[in-house]
Structures are given as C-alpha cells and as structure tokens.
Amino acid sequence: MIHVRFSPSPTGFLHVGGARTALYNWLFARHHGGTFSLRIEDTDRQRSSQEFTEDILEGIKWLGLDWDTGPIFQSQRLELYNRYVEMLLSSDKAYHSEEEGKKAVRFRMPHDALEFKDIIRSTITFDASLIEDFVLRKADGFPTYNFACMVDDAEMRITHVIRGDDHIANTPKQIALYKALGLEPPQFAHLPMILGEDGTRLSKRHGATAVKEYRDLGYLPDALINFIALLGWSPGEDREVVSREEMVKCFTLERVGSTSARFNKTKLDWMNSLYIRQTPAGELLRGLKPFLSSAGVDAEGLEESWLKALAELYRERFKTLQDFFLQTSFFFTEEVEYQPEVVDKFLKGEALTGILQEVYDELSGLEDFRKEALEGCLRRLVERKHIGFGKLAQPLRVAITGRTVSAGIFETMELLGKEKTLKRLSHCLHTFCKAESSPEANLPRA
RNA sequence: GCCCCCAUCGUCUAGUGGCCCAGGAUGCCAGGUUCUCAGCCUGGAGACUGGGGUUCAAAUCCCCAUGGGGGUACCA
C-alpha cells in the first residue's frame, strides 16, 4: 500500500509550486489506490501562522484535492520527536551542544558516502563528510525540519516522498537519520521547481503566485489543475487537455520531467477559456455570480434563464470569470457611457443619423424582439438602403452597447430587451446626431 | 567559495541510438468564415547551449565548458 503526504509549512500562502506538489502527491496516491495525507510543518514558531494554515487548507480544498488523513500538526507532536531524540541520544548517535548560550541536540552525522535513487532523476551522490552535525532539537524544544520530517514520514509509513527539488540537499541528512534508527527510508521523487515568467524563483514580484489569487481572478480550479499538471508532467501522445479522472488514470512519476518550468500565464488563460467553453451553463453561472455580486450586480435578483442565456452568448469570449463582467457590464446598467473617439467614428454623420433613425422606427414597431425577427427586420432594411450590413451593425452596436466589440448584434439586442435598446438608440439620436441633422424630423417619435 | 540538480521552438513539452533535416500545444504572423470581437478552419515563421568523444548511426550515451536553478541556518 502506497502512502504519500503533502507537508507544507504555514509560513506563506499556498502558491502554485506547492499546489503542484500537492497535486502530484494526490494523483500518485489516487492512481495507485494509496493514501494521501496532510501534515502541517509548523515547527518554526516565529514564522508559522494560523492564517497561512487556513489559506493552505482552503486552497487545497478549492483545487478539489481531498485527503485521507490529517491535517496533523507537528507542533502538537513534540512528545513523539522527543522520544526519537532520546533514542538517538542513548545510542550516542546524537549529543547535546551549546552555542551562544543555546542548548540544542545535534545529530552525529556519519562520514560515509551517501547515495540515493531519485525516481525522477538519476542516482544522486553526496559526500557526507561535507555535511555538518545538524541540529535535531532546537533550544526552544521544537524539532528542526529534517528531523521532524523524517520522524513523521516513518511514523506515517510514508512510502514515497514527493517534494520540491529544493529538498534534494536535505535528503542525505534524512537518510542518515533513517539508518541511525535502523529504519528503511522511503523512496524519493524530487520535482523540478516552477519558476516565474522570467526564469527566476517565484516570488511576489511575479504577480499572482498564490492559488487563491487565481481563484479571485476568476480561474476555474479544473483549468488551474490541468495547467499546473502540465508544468513538469506530460500524459504523452500529444495530449494536453486532460480531465482529473484521466490524469488519475495515467499519472506516473516516470512521466514527470526533470527540468524546471516557467509559469506561463498566457497559456493558463487559454486553458481557462477552454474550460469555460466546456462548462455547462448552469455550472458556469454558479461560478459567475460571486463575480457579478462583487461588481455590484444583484445577481440573485436577475432572471436565471436570462443570465444563463447571457453566459451562453459570451462563453467563447471571456478568459476568466472576472472578465465576463468586464465584457457584459452594459447589460447590467441603465445608461451606457460613450467614449468621444467612438462617438466621432461611429455615431456622427448625416447618412448615419438617417439610418439609425430608421432602425429606431423599425424596431419600435416590432412586436417580436427575438433575434430571428430582429435579423429579418434589419436585413430587409439594409437591403432597401443598398448598404452593407456592416455599415449598420457597427453604429448600432456602439449605440446600444457603448463599445465597438460585443457578441452578435441580434442576440445582444434580444437579451438587452426592446426597452433598453430603444432607449439607448433614442439617447444617441438626441445627443450625438442632433446637431448634424434637421431639427425635428429625425428625432425619435417615441 | 564549496556541494547538488538541470539543459529541445519565446513558453509548456513529445522524443529513452536509427521511425527526427525533430512532433504537439500556446503565443506570434498571414488567409478564410463574418455585423465587430471572440471562436472555429487553413497556412507560416520558430528549437536539440557550445566543444570534444563513443558508435555504422546521437536530440538521445560519456567527458569538459557555459548557462540556469537549488543548497550551504537552532527556516522549511
């Protein structure tokens, strides 16, 4: 039976690197029908905090990685580590030391050559004589990382340690500890790091690095998971879009690469838009509503079917859930703001004024405001006027949306509704076209 | 400084000695579809870090150099 764990230290938010480590452990456990445990390594009393612990747990939950046991907290297991310290002390494999008035227990590091097989890399060898006698128990009574990690891995019967390769240098120390205690070390798999877009270690200046930031920006957990999984792992056969279930099915550590990967937001955006396009509208709506609410829209007060139709209409156009409101905001407001440049380009000129007036007249006489009827009506109009449809569509789009890009004009009008559509058209005719057209004649008669 | 790891298109990667004058994806460019944008379709440019070996044959194996990353804490 395979047992793995994810063991973050709560000294920072869960970032994409940690998320990937958690994901690979989870995938490995699920693939082999083993267990996946959570362990919080909070032995640094200064830097650890409850806030980070909660952030990490919430992040893992949001990503949909369920765990079988834990979380266990190392800060609550001092007694256990002390037992191991006594064992090492009594067999003279460890000793008390004092530096600058601080009493600690150090491990008597054996000086023989050390090597271990890494599943992802080749055999890694170390000259143990270069490794000093490291501290097992600090002056404050807490264990150090290397010691607590080893004791817990042994106690939890961890069979595979899958972690970031910044831990490679720790591995010989931990193996030496296993040997000193007469225990069999687990197998190790060190994952290459995830770097920032510029190839340097991931940090705040790379923009969003925390998992929760991606959630708040409107990325779907499945999309993030898929993207992150590909940072170092490949299912082969030129496949890239892989569902969770498929990943579980085909995940192996052998297919994890050994080169560090740069985080590439552009590709994440593509992946996210792909998942958005594949998500059923109802489900998409659940994700969208919180974003609408935070934008000040009373999402619950809106008609579900209308909102669903809107999401359906725009699903191919937004890359993040946050992006959705940015593109559709004009549906949720009474008035629309018009940019001067856009007005000059699309709403001025006599010919235009005339045609927009005719559009207004035609539309106000329409009973059926569904897209098919709207299309028929406007197509007939441009045919009568002998102009290309584009000549009409753009000014009309600007008039009712305030922008030069939107979804199809008929669908947009249908969802906007007759009232708002006419109101905005009327507003434009009054405000922008007035001066250049003959006074009364061209004004909406509505 | 010392120790360790790594090295294929801008980026993520496929590739485990011949199928590779290197495949996919993304991004970029061009064209098509079209009421704009997006999407979709078609095409294009774009890489084996360098140098030595080994071999009939090397992106694949070995060595060196270079570059990048990590470690060198009573942090994890």
# chains A, B, ... in the order shown; residues from 1 in each chain; ligands from 1
$ closest_atom_pairs --of "chain B" --to "chain A" --cutoff "12 Å" --atoms "only C-alpha atoms (C1' of nucleotides)" --output "tab-separated table"
residue	atom	partner	partner_atom	distance
B:C2	C1'	A:Leu130	CA	9.1
B:C3	C1'	A:Leu130	CA	7.8
B:C4	C1'	A:Ala169	CA	6.6
B:C5	C1'	A:Asp165	CA	7.8
B:C6	C1'	A:Thr259	CA	5.6
B:A7	C1'	A:Thr259	CA	7.5
B:U8	C1'	A:Thr259	CA	11.4
B:G10	C1'	A:Glu197	CA	10.8
B:U11	C1'	A:Asn264	CA	6.3
B:C12	C1'	A:Leu231	CA	6.5
B:U13	C1'	A:Ser234	CA	7.2
B:A14	C1'	A:Asp238	CA	6.6
B:G15	C1'	A:Gly236	CA	10.1
B:U16	C1'	A:Glu254	CA	11.3
B:G23	C1'	A:Asp238	CA	8.1
B:G24	C1'	A:Asp238	CA	4.9
B:A25	C1'	A:Glu240	CA	7.0
B:U26	C1'	A:Lys267	CA	5.4
B:G27	C1'	A:Thr266	CA	7.4
B:U34	C1'	A:Gly390	CA	9.7
B:C35	C1'	A:Ala393	CA	4.7
B:U36	C1'	A:Val405	CA	4.9
B:C37	C1'	A:Val405	CA	4.9
B:A38	C1'	A:Arg317	CA	4.6
B:G39	C1'	A:Glu316	CA	5.9
B:C40	C1'	A:Glu316	CA	10.6
B:G68	C1'	A:Gly199	CA	8.1
B:G69	C1'	A:Ser260	CA	7.7
B:G70	C1'	A:Asp166	CA	5.2
B:G71	C1'	A:Ala169	CA	5.7
B:U72	C1'	A:Ala169	CA	8.9
B:A73	C1'	A:Phe134	CA	9.6
B:C74	C1'	A:Lys138	CA	4.5
B:C75	C1'	A:Asp44	CA	7.1
B:A76	C1'	A:Tyr145	CA	6.1
$ residues_around --residues "range 325-328 of chain A" --least-positions-apart "4" --cutoff "8 Å" --atoms "only C-alpha atoms (C1' of nucleotides)" --output "ChimeraX atom specification"
/A:291-292,295,318,321,332,406
$ select_by_dssp --residues "range 69-271 of chain A" --states "strand (DSSP E or B)" --output "count of residues only"
48
$ residues_around --residues "G18 in chain B" --least-positions-apart "5" --cutoff "12 Å" --atoms "only C-alpha atoms (C1' of nucleotides)" --output "list in words"
U55, C56, A57, A58 and U60 of chain B
$ residues_around --residues "range 417-430 of chain A" --least-positions-apart "3" --cutoff "8 Å" --atoms "only C-alpha atoms (C1' of nucleotides)" --output "PyMOL selection string"
chain A and resi 334-336+347+353+356-357+360+363-364+369+396+399-400+413-414+433-434+443-444
$ decode --residues "range 1-34 of chain B" --atoms "N, CA, C and O atoms (P, O5', C5', C4', C3', O3' and C1' of nucleotides)" --output "PDB file, in the first residue's frame"
ATOM      1  P     G B   1      32.486  31.341  -7.138  1.00  0.00           P
ATOM      2  O5'   G B   1      33.158  30.683  -5.830  1.00  0.00           O
ATOM      3  C5'   G B   1      34.571  30.762  -5.674  1.00  0.00           C
ATOM      4  C4'   G B   1      34.923  30.080  -4.369  1.00  0.00           C
ATOM      5  C3'   G B   1      34.474  28.630  -4.272  1.00  0.00           C
ATOM      6  O3'   G B   1      35.482  27.765  -4.779  1.00  0.00           O
ATOM      7  C1'   G B   1      33.740  29.799  -2.341  1.00  0.00           C
ATOM      8  P     C B   2      35.053  26.512  -5.691  1.00  0.00           P
ATOM      9  O5'   C B   2      34.317  25.560  -4.652  1.00  0.00           O
ATOM     10  C5'   C B   2      35.068  24.853  -3.666  1.00  0.00           C
ATOM     11  C4'   C B   2      34.126  24.175  -2.708  1.00  0.00           C
ATOM     12  C3'   C B   2      33.075  23.296  -3.354  1.00  0.00           C
ATOM     13  O3'   C B   2      33.586  22.000  -3.654  1.00  0.00           O
ATOM     14  C1'   C B   2      32.032  24.694  -1.769  1.00  0.00           C
ATOM     15  P     C B   3      33.015  21.213  -4.909  1.00  0.00           P
ATOM     16  O5'   C B   3      31.591  20.713  -4.378  1.00  0.00           O
ATOM     17  C5'   C B   3      31.515  19.761  -3.325  1.00  0.00           C
ATOM     18  C4'   C B   3      30.086  19.539  -2.947  1.00  0.00           C
ATOM     19  C3'   C B   3      29.145  19.199  -4.100  1.00  0.00           C
ATOM     20  O3'   C B   3      29.224  17.826  -4.444  1.00  0.00           O
ATOM     21  C1'   C B   3      28.147  20.871  -2.771  1.00  0.00           C
ATOM     22  P     C B   4      28.941  17.389  -5.959  1.00  0.00           P
ATOM     23  O5'   C B   4      27.349  17.510  -6.043  1.00  0.00           O
ATOM     24  C5'   C B   4      26.522  16.695  -5.228  1.00  0.00           C
ATOM     25  C4'   C B   4      25.093  17.146  -5.360  1.00  0.00           C
ATOM     26  C3'   C B   4      24.548  17.195  -6.774  1.00  0.00           C
ATOM     27  O3'   C B   4      24.157  15.907  -7.228  1.00  0.00           O
ATOM     28  C1'   C B   4      23.933  19.169  -5.645  1.00  0.00           C
ATOM     29  P     C B   5      24.137  15.616  -8.796  1.00  0.00           P
ATOM     30  O5'   C B   5      22.822  16.383  -9.273  1.00  0.00           O
ATOM     31  C5'   C B   5      21.544  15.997  -8.781  1.00  0.00           C
ATOM     32  C4'   C B   5      20.502  16.978  -9.260  1.00  0.00           C
ATOM     33  C3'   C B   5      20.433  17.169 -10.765  1.00  0.00           C
ATOM     34  O3'   C B   5      19.658  16.145 -11.379  1.00  0.00           O
ATOM     35  C1'   C B   5      20.398  19.281  -9.714  1.00  0.00           C
ATOM     36  P     C B   6      20.009  15.727 -12.880  1.00  0.00           P
ATOM     37  O5'   C B   6      19.505  16.989 -13.715  1.00  0.00           O
ATOM     38  C5'   C B   6      18.123  17.278 -13.820  1.00  0.00           C
ATOM     39  C4'   C B   6      17.911  18.622 -14.483  1.00  0.00           C
ATOM     40  C3'   C B   6      18.441  18.731 -15.907  1.00  0.00           C
ATOM     41  O3'   C B   6      17.514  18.198 -16.826  1.00  0.00           O
ATOM     42  C1'   C B   6      19.069  20.654 -14.674  1.00  0.00           C
ATOM     43  P     A B   7      18.047  17.775 -18.301  1.00  0.00           P
ATOM     44  O5'   A B   7      18.223  19.186 -19.038  1.00  0.00           O
ATOM     45  C5'   A B   7      17.077  20.090 -19.134  1.00  0.00           C
ATOM     46  C4'   A B   7      17.486  21.290 -19.966  1.00  0.00           C
ATOM     47  C3'   A B   7      17.929  20.881 -21.376  1.00  0.00           C
ATOM     48  O3'   A B   7      17.131  21.341 -22.461  1.00  0.00           O
ATOM     49  C1'   A B   7      19.708  21.986 -20.153  1.00  0.00           C
ATOM     50  P     U B   8      15.969  22.348 -22.543  1.00  0.00           P
ATOM     51  O5'   U B   8      15.698  22.293 -24.115  1.00  0.00           O
ATOM     52  C5'   U B   8      16.810  22.279 -25.004  1.00  0.00           C
ATOM     53  C4'   U B   8      16.292  21.999 -26.379  1.00  0.00           C
ATOM     54  C3'   U B   8      15.059  22.801 -26.763  1.00  0.00           C
ATOM     55  O3'   U B   8      15.428  24.084 -27.224  1.00  0.00           O
ATOM     56  C1'   U B   8      14.725  20.538 -27.310  1.00  0.00           C
ATOM     57  P     C B   9      14.632  25.337 -26.694  1.00  0.00           P
ATOM     58  O5'   C B   9      13.629  25.609 -27.905  1.00  0.00           O
ATOM     59  C5'   C B   9      12.868  26.828 -27.901  1.00  0.00           C
ATOM     60  C4'   C B   9      12.436  27.085 -29.326  1.00  0.00           C
ATOM     61  C3'   C B   9      11.385  28.192 -29.466  1.00  0.00           C
ATOM     62  O3'   C B   9      11.967  29.349 -30.070  1.00  0.00           O
ATOM     63  C1'   C B   9      10.919  26.334 -30.868  1.00  0.00           C
ATOM     64  P     G B  10      13.204  30.104 -29.333  1.00  0.00           P
ATOM     65  O5'   G B  10      12.344  31.025 -28.372  1.00  0.00           O
ATOM     66  C5'   G B  10      12.998  32.013 -27.597  1.00  0.00           C
ATOM     67  C4'   G B  10      11.974  32.615 -26.671  1.00  0.00           C
ATOM     68  C3'   G B  10      11.319  31.617 -25.730  1.00  0.00           C
ATOM     69  O3'   G B  10      12.094  31.437 -24.561  1.00  0.00           O
ATOM     70  C1'   G B  10       9.649  32.890 -26.814  1.00  0.00           C
ATOM     71  P     U B  11      12.134  30.020 -23.853  1.00  0.00           P
ATOM     72  O5'   U B  11      10.626  29.883 -23.378  1.00  0.00           O
ATOM     73  C5'   U B  11      10.135  30.628 -22.268  1.00  0.00           C
ATOM     74  C4'   U B  11       8.733  30.184 -21.955  1.00  0.00           C
ATOM     75  C3'   U B  11       8.564  28.676 -21.785  1.00  0.00           C
ATOM     76  O3'   U B  11       8.930  28.238 -20.489  1.00  0.00           O
ATOM     77  C1'   U B  11       6.904  29.469 -23.247  1.00  0.00           C
ATOM     78  P     C B  12       9.447  26.758 -20.305  1.00  0.00           P
ATOM     79  O5'   C B  12       8.102  25.913 -20.436  1.00  0.00           O
ATOM     80  C5'   C B  12       7.056  26.080 -19.471  1.00  0.00           C
ATOM     81  C4'   C B  12       5.940  25.116 -19.789  1.00  0.00           C
ATOM     82  C3'   C B  12       6.400  23.678 -19.998  1.00  0.00           C
ATOM     83  O3'   C B  12       6.595  23.023 -18.758  1.00  0.00           O
ATOM     84  C1'   C B  12       4.931  24.286 -21.738  1.00  0.00           C
ATOM     85  P     U B  13       7.611  21.833 -18.687  1.00  0.00           P
ATOM     86  O5'   U B  13       6.933  20.776 -19.667  1.00  0.00           O
ATOM     87  C5'   U B  13       7.693  19.890 -20.436  1.00  0.00           C
ATOM     88  C4'   U B  13       6.820  19.363 -21.540  1.00  0.00           C
ATOM     89  C3'   U B  13       7.410  18.234 -22.349  1.00  0.00           C
ATOM     90  O3'   U B  13       7.181  17.000 -21.692  1.00  0.00           O
ATOM     91  C1'   U B  13       6.513  19.861 -23.808  1.00  0.00           C
ATOM     92  P     A B  14       8.181  15.825 -21.885  1.00  0.00           P
ATOM     93  O5'   A B  14       7.785  15.315 -23.343  1.00  0.00           O
ATOM     94  C5'   A B  14       6.471  14.804 -23.559  1.00  0.00           C
ATOM     95  C4'   A B  14       6.352  14.263 -24.957  1.00  0.00           C
ATOM     96  C3'   A B  14       7.447  13.279 -25.362  1.00  0.00           C
ATOM     97  O3'   A B  14       7.157  11.982 -24.863  1.00  0.00           O
ATOM     98  C1'   A B  14       6.966  14.784 -27.143  1.00  0.00           C
ATOM     99  P     G B  15       8.255  11.128 -24.176  1.00  0.00           P
ATOM    100  O5'   G B  15       9.277  10.832 -25.343  1.00  0.00           O
ATOM    101  C5'   G B  15       8.805  10.247 -26.574  1.00  0.00           C
ATOM    102  C4'   G B  15       9.804  10.596 -27.656  1.00  0.00           C
ATOM    103  C3'   G B  15      11.164   9.968 -27.371  1.00  0.00           C
ATOM    104  O3'   G B  15      11.360   8.880 -28.252  1.00  0.00           O
ATOM    105  C1'   G B  15      11.314  12.283 -28.025  1.00  0.00           C
ATOM    106  P     U B  16      11.766   7.533 -27.889  1.00  0.00           P
ATOM    107  O5'   U B  16      13.135   7.774 -27.141  1.00  0.00           O
ATOM    108  C5'   U B  16      14.097   6.828 -27.309  1.00  0.00           C
ATOM    109  C4'   U B  16      14.964   6.900 -26.113  1.00  0.00           C
ATOM    110  C3'   U B  16      15.326   5.492 -25.656  1.00  0.00           C
ATOM    111  O3'   U B  16      16.443   5.163 -26.488  1.00  0.00           O
ATOM    112  C1'   U B  16      14.723   6.779 -23.793  1.00  0.00           C
ATOM    113  P     G B  17      17.325   3.984 -26.449  1.00  0.00           P
ATOM    114  O5'   G B  17      18.283   4.487 -27.624  1.00  0.00           O
ATOM    115  C5'   G B  17      18.037   5.772 -28.261  1.00  0.00           C
ATOM    116  C4'   G B  17      18.598   5.709 -29.618  1.00  0.00           C
ATOM    117  C3'   G B  17      18.445   4.349 -30.285  1.00  0.00           C
ATOM    118  O3'   G B  17      17.204   4.099 -30.902  1.00  0.00           O
ATOM    119  C1'   G B  17      20.649   5.229 -30.581  1.00  0.00           C
ATOM    120  P     G B  18      16.377   5.015 -31.919  1.00  0.00           P
ATOM    121  O5'   G B  18      17.319   5.733 -33.014  1.00  0.00           O
ATOM    122  C5'   G B  18      16.782   6.684 -33.933  1.00  0.00           C
ATOM    123  C4'   G B  18      17.381   6.421 -35.293  1.00  0.00           C
ATOM    124  C3'   G B  18      16.361   6.129 -36.392  1.00  0.00           C
ATOM    125  O3'   G B  18      16.378   7.266 -37.247  1.00  0.00           O
ATOM    126  C1'   G B  18      18.204   4.620 -36.481  1.00  0.00           C
ATOM    127  P     C B  19      15.549   8.420 -37.373  1.00  0.00           P
ATOM    128  O5'   C B  19      14.105   7.791 -37.571  1.00  0.00           O
ATOM    129  C5'   C B  19      13.625   7.571 -38.907  1.00  0.00           C
ATOM    130  C4'   C B  19      12.199   7.158 -38.834  1.00  0.00           C
ATOM    131  C3'   C B  19      11.262   8.179 -38.177  1.00  0.00           C
ATOM    132  O3'   C B  19      10.888   9.152 -39.140  1.00  0.00           O
ATOM    133  C1'   C B  19      10.756   5.983 -37.462  1.00  0.00           C
ATOM    134  P     C B  20      10.376  10.561 -38.720  1.00  0.00           P
ATOM    135  O5'   C B  20      11.229  11.869 -39.049  1.00  0.00           O
ATOM    136  C5'   C B  20      12.541  11.858 -39.470  1.00  0.00           C
ATOM    137  C4'   C B  20      13.337  12.799 -38.593  1.00  0.00           C
ATOM    138  C3'   C B  20      14.723  12.253 -38.239  1.00  0.00           C
ATOM    139  O3'   C B  20      15.737  13.073 -38.832  1.00  0.00           O
ATOM    140  C1'   C B  20      13.606  13.177 -36.328  1.00  0.00           C
ATOM    141  P     C B  21      15.738  13.535 -40.301  1.00  0.00           P
ATOM    142  O5'   C B  21      15.506  15.087 -40.004  1.00  0.00           O
ATOM    143  C5'   C B  21      16.400  15.784 -39.175  1.00  0.00           C
ATOM    144  C4'   C B  21      16.675  17.125 -39.799  1.00  0.00           C
ATOM    145  C3'   C B  21      15.433  17.920 -40.167  1.00  0.00           C
ATOM    146  O3'   C B  21      14.891  18.612 -39.065  1.00  0.00           O
ATOM    147  C1'   C B  21      16.943  17.956 -41.965  1.00  0.00           C
ATOM    148  P     A B  22      13.399  19.120 -39.052  1.00  0.00           P
ATOM    149  O5'   A B  22      12.795  18.347 -37.785  1.00  0.00           O
ATOM    150  C5'   A B  22      12.067  17.123 -37.967  1.00  0.00           C
ATOM    151  C4'   A B  22      11.704  16.593 -36.607  1.00  0.00           C
ATOM    152  C3'   A B  22      10.933  17.583 -35.744  1.00  0.00           C
ATOM    153  O3'   A B  22       9.548  17.419 -35.941  1.00  0.00           O
ATOM    154  C1'   A B  22      12.804  16.842 -34.554  1.00  0.00           C
ATOM    155  P     G B  23       8.712  18.464 -36.837  1.00  0.00           P
ATOM    156  O5'   G B  23       7.230  18.110 -36.430  1.00  0.00           O
ATOM    157  C5'   G B  23       6.685  16.846 -36.784  1.00  0.00           C
ATOM    158  C4'   G B  23       5.841  16.322 -35.650  1.00  0.00           C
ATOM    159  C3'   G B  23       5.002  17.388 -34.933  1.00  0.00           C
ATOM    160  O3'   G B  23       3.823  17.698 -35.648  1.00  0.00           O
ATOM    161  C1'   G B  23       6.128  16.112 -33.327  1.00  0.00           C
ATOM    162  P     G B  24       3.216  19.181 -35.557  1.00  0.00           P
ATOM    163  O5'   G B  24       2.496  19.167 -34.144  1.00  0.00           O
ATOM    164  C5'   G B  24       1.458  18.226 -33.892  1.00  0.00           C
ATOM    165  C4'   G B  24       1.045  18.291 -32.446  1.00  0.00           C
ATOM    166  C3'   G B  24       0.625  19.660 -31.942  1.00  0.00           C
ATOM    167  O3'   G B  24      -0.706  19.954 -32.295  1.00  0.00           O
ATOM    168  C1'   G B  24       2.097  18.686 -30.387  1.00  0.00           C
ATOM    169  P     A B  25      -1.132  21.485 -32.495  1.00  0.00           P
ATOM    170  O5'   A B  25      -1.085  22.060 -31.010  1.00  0.00           O
ATOM    171  C5'   A B  25      -1.991  21.563 -30.026  1.00  0.00           C
ATOM    172  C4'   A B  25      -1.678  22.205 -28.704  1.00  0.00           C
ATOM    173  C3'   A B  25      -1.645  23.726 -28.733  1.00  0.00           C
ATOM    174  O3'   A B  25      -2.943  24.266 -28.640  1.00  0.00           O
ATOM    175  C1'   A B  25       0.252  22.925 -27.583  1.00  0.00           C
ATOM    176  P     U B  26      -3.287  25.647 -29.355  1.00  0.00           P
ATOM    177  O5'   U B  26      -2.546  26.702 -28.443  1.00  0.00           O
ATOM    178  C5'   U B  26      -2.897  26.843 -27.057  1.00  0.00           C
ATOM    179  C4'   U B  26      -1.868  27.691 -26.361  1.00  0.00           C
ATOM    180  C3'   U B  26      -1.617  29.053 -26.994  1.00  0.00           C
ATOM    181  O3'   U B  26      -2.576  29.994 -26.555  1.00  0.00           O
ATOM    182  C1'   U B  26       0.448  28.003 -26.523  1.00  0.00           C
ATOM    183  P     G B  27      -3.153  31.075 -27.573  1.00  0.00           P
ATOM    184  O5'   G B  27      -1.878  32.009 -27.806  1.00  0.00           O
ATOM    185  C5'   G B  27      -1.459  32.893 -26.777  1.00  0.00           C
ATOM    186  C4'   G B  27      -0.101  33.456 -27.120  1.00  0.00           C
ATOM    187  C3'   G B  27      -0.003  34.154 -28.459  1.00  0.00           C
ATOM    188  O3'   G B  27      -0.486  35.477 -28.385  1.00  0.00           O
ATOM    189  C1'   G B  27       1.829  32.708 -28.199  1.00  0.00           C
ATOM    190  P     C B  28      -1.224  36.100 -29.665  1.00  0.00           P
ATOM    191  O5'   C B  28      -0.016  36.304 -30.694  1.00  0.00           O
ATOM    192  C5'   C B  28       1.102  37.127 -30.349  1.00  0.00           C
ATOM    193  C4'   C B  28       2.131  37.044 -31.437  1.00  0.00           C
ATOM    194  C3'   C B  28       1.601  37.230 -32.857  1.00  0.00           C
ATOM    195  O3'   C B  28       1.431  38.588 -33.176  1.00  0.00           O
ATOM    196  C1'   C B  28       3.055  35.358 -32.804  1.00  0.00           C
ATOM    197  P     C B  29       0.201  38.990 -34.143  1.00  0.00           P
ATOM    198  O5'   C B  29       0.726  38.582 -35.581  1.00  0.00           O
ATOM    199  C5'   C B  29       1.916  39.169 -36.115  1.00  0.00           C
ATOM    200  C4'   C B  29       2.244  38.520 -37.441  1.00  0.00           C
ATOM    201  C3'   C B  29       1.075  38.404 -38.404  1.00  0.00           C
ATOM    202  O3'   C B  29       0.855  39.605 -39.112  1.00  0.00           O
ATOM    203  C1'   C B  29       2.194  36.336 -38.308  1.00  0.00           C
ATOM    204  P     A B  30      -0.620  39.944 -39.645  1.00  0.00           P
ATOM    205  O5'   A B  30      -0.839  38.888 -40.828  1.00  0.00           O
ATOM    206  C5'   A B  30      -0.106  39.023 -42.047  1.00  0.00           C
ATOM    207  C4'   A B  30      -0.453  37.893 -42.976  1.00  0.00           C
ATOM    208  C3'   A B  30      -1.940  37.711 -43.254  1.00  0.00           C
ATOM    209  O3'   A B  30      -2.427  38.602 -44.233  1.00  0.00           O
ATOM    210  C1'   A B  30      -0.955  35.621 -42.811  1.00  0.00           C
ATOM    211  P     G B  31      -3.982  39.008 -44.224  1.00  0.00           P
ATOM    212  O5'   G B  31      -4.704  37.677 -44.730  1.00  0.00           O
ATOM    213  C5'   G B  31      -4.590  37.289 -46.102  1.00  0.00           C
ATOM    214  C4'   G B  31      -5.211  35.930 -46.292  1.00  0.00           C
ATOM    215  C3'   G B  31      -6.681  35.795 -45.943  1.00  0.00           C
ATOM    216  O3'   G B  31      -7.534  36.295 -46.950  1.00  0.00           O
ATOM    217  C1'   G B  31      -5.506  33.945 -45.076  1.00  0.00           C
ATOM    218  P     G B  32      -8.996  36.786 -46.566  1.00  0.00           P
ATOM    219  O5'   G B  32      -9.721  35.410 -46.209  1.00  0.00           O
ATOM    220  C5'   G B  32      -9.951  34.435 -47.229  1.00  0.00           C
ATOM    221  C4'   G B  32     -10.641  33.238 -46.652  1.00  0.00           C
ATOM    222  C3'   G B  32     -11.963  33.525 -45.953  1.00  0.00           C
ATOM    223  O3'   G B  32     -13.035  33.631 -46.873  1.00  0.00           O
ATOM    224  C1'   G B  32     -10.663  32.076 -44.621  1.00  0.00           C
ATOM    225  P     U B  33     -14.224  34.681 -46.593  1.00  0.00           P
ATOM    226  O5'   U B  33     -14.993  33.956 -45.397  1.00  0.00           O
ATOM    227  C5'   U B  33     -15.730  32.755 -45.634  1.00  0.00           C
ATOM    228  C4'   U B  33     -16.309  32.244 -44.339  1.00  0.00           C
ATOM    229  C3'   U B  33     -17.185  33.242 -43.593  1.00  0.00           C
ATOM    230  O3'   U B  33     -18.528  33.178 -44.056  1.00  0.00           O
ATOM    231  C1'   U B  33     -15.641  32.236 -42.086  1.00  0.00           C
ATOM    232  P     U B  34     -19.178  34.465 -44.794  1.00  0.00           P
ATOM    233  O5'   U B  34     -19.390  35.470 -43.592  1.00  0.00           O
ATOM    234  C5'   U B  34     -20.324  35.179 -42.553  1.00  0.00           C
ATOM    235  C4'   U B  34     -20.067  36.103 -41.408  1.00  0.00           C
ATOM    236  C3'   U B  34     -20.147  37.585 -41.773  1.00  0.00           C
ATOM    237  O3'   U B  34     -21.478  38.048 -41.685  1.00  0.00           O
ATOM    238  C1'   U B  34     -18.148  37.140 -40.559  1.00  0.00           C
TER     239        U B  34
END
